[in-house]
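A.B. asks: Pasting in a structure now, in structure tokens, and then I'll have a few things to ask.
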Amino acid sequence: MISSAFVKHTPKCIAGGHKSILRTFSATSFLKQEDGYTHFGSKTVPKFEKEKLVGNVFSSVASKYDVMNDVMSLGIHRCWKDHFINKLDAGKRPTSVEPLHFIDVAGGSGDIAFGLLDHAEHKFHDTESTMHIVDINADMLKEGEKRAMEQNKYHNDPRVNFLVQNGESLDEIESNSKDIYTISFGIRNFTNVEAGLAAAYRVLKPGGIFYCLEFSKIENQLMDLMYQQWSKVLPVMGSIIANDYDSYQYLVESIEKFPDQETFKNMIEQAGFKSAGYESLTGGVCAIHWGVKV
Amino acid sequence: MFKRLCQVSLRRYHPSKGEHLNSSRLGPLNYGLDSPQYAVLSHALKVSVPVVGFNERAIVHSLNQLNYPSTMLSVIGASNSPSLLHSSPAVMELVKFHLVQKRLQLSQDLSSEEKPSLEDLFIKRLELNVPIAGHLSQLLSHVSVPGPFTVDTALPELHRLSDDLIYYSNEKDHHDFAWYSKRLGISCAYVSSELFMAQDKSHNYEETFQFARDKLQRTMQLGEYYNNTEEWLWYTLLNSINLAKSQMARG
């Protein structure tokens with residue numbers, strides 16, 4: 001009876017037999033599943049399938065991405081993104097020599113990328129810095145291009161490039177070519193987060209900065225309890241607004257699976273970044289992490 | 001075998017500095033002496049701030065001089081939150097760096113045999129402000145704007161400074177409530193001296209140093225009043241107990 005319950009509730013068992021009871025003490029052990037398998041929300045799936053499954057989720061939510069983000073976070077995601085952009089405070093200063101080269105990974109919707117360029121222009125009169133908006137999902141990228149077209153800014157702009165790319169490899173991006181790497185609410189969907197961090201390290205120039213906005217672990221227990229209740233409602237909201245229960249169920253589960261602030265900071269350091277740190281936002285609902293390539 | 005035993009006996013059962021790697025980070029700063037942030041900010045303090053003051057131009061000037069990209073501004077400001085009342089996170093870090101570096105500089109080159117007096121250390125810290133004295137009002141306006149930066153950085157750094165001033169000097173320390181009041185008194189004396197220095201036009205800031213000496217002397221005098229009052233209160237308390245005891249013994 002006990003063993004049947006164990007088999008029923010342990011996702012690792014899908015990966016096979018006796019391996020499911022192995023415990024490790026490494027910081028990132030919970031992200032590493034048995035060879036060839038990884039997590040997809042609370043499920044364990046073959047690694048080669050996760051990319052496709054995540055792709056399906058985002059293709060499904062692309063058209064209602066903004067509405068759902070507002071509903072899911074009660075509009076707070078706009079404050080987080082604003083804070084992220086203001087904290088980074090990037091842009092070519094009037095007395096600086098070189099323009100900056102940004103890359104916004106998993107940034108299909110374009111909100112962070114356009115926000116960064118707007119900030120650079122309004123605050124520093126920077127109209128030279130370039131931006132690569134990269135996403136593995138062509139549907140999400142189309143949303144970003146559509147937005148650029150609607151606002152009549154950054155569309156057909158030689159400074160802004162939209163590129164379908166896997167963030168874990170960034171094959172078409174040259175090594176040591178970028179000054180600022182940003183990723184917002186994207187890294188938890190990577191099949192291999194370490195590979196994503198290694199790719200970020202590769203494309204950044206020495207002196208470049210990795211900046212990440214992602215859901216994290218809530219530090220206050222009362223707030224965590226409230227969030228747990230709220231997360232139960234989210235898939236229902238997804239089914240009402242976007243007619244898609246499963247995708248939003250995945251989003252909630254992927255947030256639960258993502259490592260806490262300290263663990264993710266250690267992962268950034270293990271990827272080779274220096275002066276890594278983080279700032280928790282709204283009691284740890286999400287966090288900004290950073291690291292410097294020296 | 002004997003060597004091995006010796007090595008084993010060197011292990012301690014309590015935290016010991018000898019058994020841990022020293023952190024390369026400098027106190028509350030998120031980086032060490034060998035980091036690019038340290039190189040840029042120390043250059044800015046030495047070269048750029050005395051000319052242009054505590055602002056972003058000072059950092060950009062140093063970045064250009066040292067051939068660093070302007071992304072370093074984001075790197076430098078990473079540990080600060082943007083604030084409406086501050087110009088940029090990088091400038092906040094420059095201010096923080098000034099406070100920390102000058103405090104650490106104070107304890108360098110100190111003789112281990114003879115400790116300096118509190119007044120000497122106090123004046124030495126003010127002398128470290130001389131190169132940037134023309135821009136001291138800018139600095140003070142940054143640290144005194146009410147907000148997280150003041151609470152999380154400026155005030156704790158002021159407390160660390162007054163604590164270091166007592167620790168590294170031959171001043172007697174106390175292990176009662178006077179521990180707090182002494183630090184508070186020195187902090188107040190230091191802040192008022194810096195405010196005086198920001199407006200001082202005298203030759204080599206002589207009036208500032210005189211003001212600081214007077215202020216410190218008055219604070220110490222206040223300490224004497226405190227000690228005397230404390231002693232009197234203890235005397236009265238013990239006297240009262242003895243009186244009560246003798247009354248009770250009489251029946």
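Residues are named by chain letter and number: chains run A, B, ... in the order of the structure tokens, numbers start at 1 in each chain, and ligands are numbered from 1 in the order shown.
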Please provide as an MDAnalysis selection string all residues within 6 Å of range 115-132 of chain B, with the sequence filter that same-chain residues fewer than 6 positions apart are discarded (counting only C-alpha atoms).

C.D. replies: chainID B and resid 50 169:170

A.B. asks: For chain B, list the residues within 6 Å of chain A, counting only C-alpha atoms, and write the list as a list in words.

C.D. replies: Tyr31, Ser74, Ser81 and Pro82 of chain B

A.B. asks: In Å, how far is it from CA of Leu204 in chain A to CA of Asn176 in chain A?

C.D. replies: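 Atom-to-atom, CA of Leu204 in chain A and CA of Asn176 in chain A are spaced 4.7 Å apart.
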
A.B. asks: Could you write out, as number ranges by chain, all the residues of range 44-276 of chain A that DSSP marks as strand (DSSP E)?

C.D. replies: A: 44-46, 101-105, 130-135, 160-164, 178-184, 204-215, 274-276

A.B. asks: Residues of range 55-139 of chain B classed as helix (DSSP H, G or I) by DSSP on the backbone are to be reported as a VMD selection string.

C.D. replies: chain B and resid 56 to 66 72 to 77 89 to 107 118 to 127 130 to 139
